[in-house]
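See below for the structure under consideration.
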Amino acid sequence: MSKKRIATVWLDGCSGCHMSFLDMDERLIEVFQQADLVYSPLVDLKEFPEEVDITLVEGAVSSEEDLHKIRMVRERTKILVAFGDCAVTGNVPSMRNPFGVNAVLQRAYLENVTLHPQVPREVIPALIEKARPVHEVVKVDVFIPGCPPSAETIFLALSDLLADRMPDMAKLTRFGA
Amino acid sequence: MNQPVRVKTLKIDDRDVSGREDETILEVARQNGIFIPTLCNLEGLTPIGACRLCLVEIKGVSRLLPACVTRVEEGMEVYTQSERLQKYRRMVLELLFSERNHICSVCVVNGHCELQNMAQILGMTHVSVPYRFPRLPVDASHERFVVDHNRCILCTRCVRVCDEIEGAHTWDVMGRGIDSRVITDLSQPWGESETCTSCGKCVNVCPTGALFEKGKPVSERLKKRQFLPYLTMMREERR
């Protein structure tokens, strides 16, 4: 049997879910005996590859780049996993939503800055109106709530997915876990 | 003179059970160890059937009825766990989550929240309706307590405990439907309330982090609810 191809993607999140992923420690060996990591912020690859079996998406969809990225990832992935509370609920990135983009940029780049206050308009992708959970933008197959989900949760969920089973997440984790 | 107690016999989930005629389906189910999820219900306060989580199916009745305000009747056949009910309960929960800004990871009662627990118990892993992200205030004007409307689910436990147990009626509800909000006095800042006795009962019965105490570490913000049935029992005995 050929190895499954897995990937991880980092949108608007704090990387805590990726840290929790690394927290699997020696169980990472067990995971990578069954799968290859073909794309991730943890490895040095620039292009998201074609035909990925499982992709874990950390973070909310928050900018033009996130939108572009998640649509491409969805197209190239069989099982898309919303990985952690930001991807599942919007979580902390969505706390800007009640205020609107302008008010947030104003606060961050003008009101609290003493030297050269200016809102960045180049290089950095523009924020979209609202930070959204991933499933509001593209179809998501599996949800792993938790901020971050524990290494144990990630391991059990991945083990199930690698064995072509749907994990029962409510038993393993909850929002804000 | 005491009235004779009438007993009704019925079936809950195909189990033969019995209850007093003035008891509700929820009470009888709990006495028999049958779990029906609730949020607005709290022992010691008047049941109001507001959250709709305790909906049950009754044979011969086409509508779903809230177990907390439906009295038991002779020969009733009640079902509490059908697929239809599970679907509606999850839908109710998802709507509650989508209505306001419930961010569990930054909440003061993360890990001790009845709404969060309910999501896990009912197997809700995400909210399938769009979130509303309303802009809501936080009132920290009270010396000891805070009300964060972002986390309020309008169960009105605070309103009822303040009225029925403390007797102050500081809390009430303003507005309609999705724009409803709990208020203190005539929608004044809580800190300026003349009726609030600062007893803290509302804070302790709140199922979420909407009402919480200032100056305590998160780990000590456990809500204490044991006092409620005890207080009501003492009062009834005195009567």
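Residues in the structure tokens are numbered from 1 in each chain, the chains being A, B, ... in the order shown, and ligands are numbered from 1 in the order shown.
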
Please return, as number ranges by chain, all residues of chain B lying within 9 Å of chain A when only C-alpha atoms are considered. B: 101-107, 110-111, 116-117, 119-136

Tell me, which residues of range 12-214 of chain B carry DSSP alpha helix (DSSP H), written as an MDAnalysis selection string? chainID B and resid 25:31 83:99 114:121 157:160 201:205

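The list of residues with at least one atom within 7 Å of range 212-222 of chain B, based on only C-alpha atoms and without residues fewer than 4 positions apart in the same chain, reads Val108, Val109, His112, Arg144, Phe145, Val146, Val147 and Val203 of chain B.
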
Running DSSP on the backbone, which parts of range 37-102 of chain B land in strand (DSSP E or B), as a VMD selection string? chain B and resid 55 to 58 65 to 66 71 77 to 79

Just to confirm, what's the straight-line distance from CA of Thr8 in chain A to CA of Val57 in chain A in Å (one decimal)?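 One can read the CA of Thr8 in chain A to CA of Val57 in chain A distance as 5.9 Å.
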
If we count only C-alpha atoms and set the cut-off at 12 Å, which residues sit around Glu26 in chain A, ignoring sequence neighbours fewer than 4 positions away in its own chain? Please answer as a ChimeraX atom specification. /A:21-22,30-33,151-152,155

Pairwise distance for CA of Val104 in chain A and CA of His142 in chain B, rounded to one decimal in Å: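 We find that CA of Val104 in chain A and CA of His142 in chain B lie 28.1 Å from each other.
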
Looking at A:Ala35, A:Leu56, A:Leu42, A:Val119, which one is nearest to Ile70 in chain A, with distances taken over only C-alpha atoms?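 Smallest distance to Ile70 in chain A is found for A:Leu56.
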
Taking into account only C-alpha atoms, which residue in the set A:Met19, A:Val61, A:Cys14, A:Ala7 is nearest to Val43 in chain A? A:Ala7

Applying 8 Å and only C-alpha atoms, which residues near Met174 in chain B remain after dropping the ones on its own chain fewer than 5 positions away? List them as an mmCIF file with N, CA and C atoms, in the first residue's frame.
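Saved result, result.cif, follows:
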data_model
loop_
_atom_site.group_PDB
_atom_site.id
_atom_site.type_symbol
_atom_site.label_atom_id
_atom_site.label_comp_id
_atom_site.auth_asym_id
_atom_site.auth_seq_id
_atom_site.Cartn_x
_atom_site.Cartn_y
_atom_site.Cartn_z
ATOM 1 N N SER B 180 -32.679 41.069 21.956
ATOM 2 C CA SER B 180 -32.932 41.134 23.396
ATOM 3 C C SER B 180 -31.622 41.220 24.153
ATOM 4 N N ARG B 181 -31.699 41.833 25.325
ATOM 5 C CA ARG B 181 -30.508 41.922 26.164
ATOM 6 C C ARG B 181 -30.919 41.966 27.635
ATOM 7 N N VAL B 182 -30.151 41.338 28.515
ATOM 8 C CA VAL B 182 -30.461 41.463 29.943
ATOM 9 C C VAL B 182 -29.981 42.840 30.406
ATOM 10 N N ILE B 183 -30.761 43.465 31.269
ATOM 11 C CA ILE B 183 -30.402 44.801 31.756
ATOM 12 C C ILE B 183 -30.490 44.850 33.280
ATOM 13 N N SER B 187 -32.026 49.710 32.450
ATOM 14 C CA SER B 187 -30.895 49.729 31.526
ATOM 15 C C SER B 187 -29.850 50.780 31.932
#

Taking into account only C-alpha atoms, which residue in the set A:Lys139, A:Lys46, A:His116, A:Lys78 is nearest to Lys4 in chain A? A:Lys78

For the atom pair CA of Thr197 in chain B and CA of Leu39 in chain B, what is the interatomic distance in Å to one decimal place?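 A separation of 25.5 Å between them.
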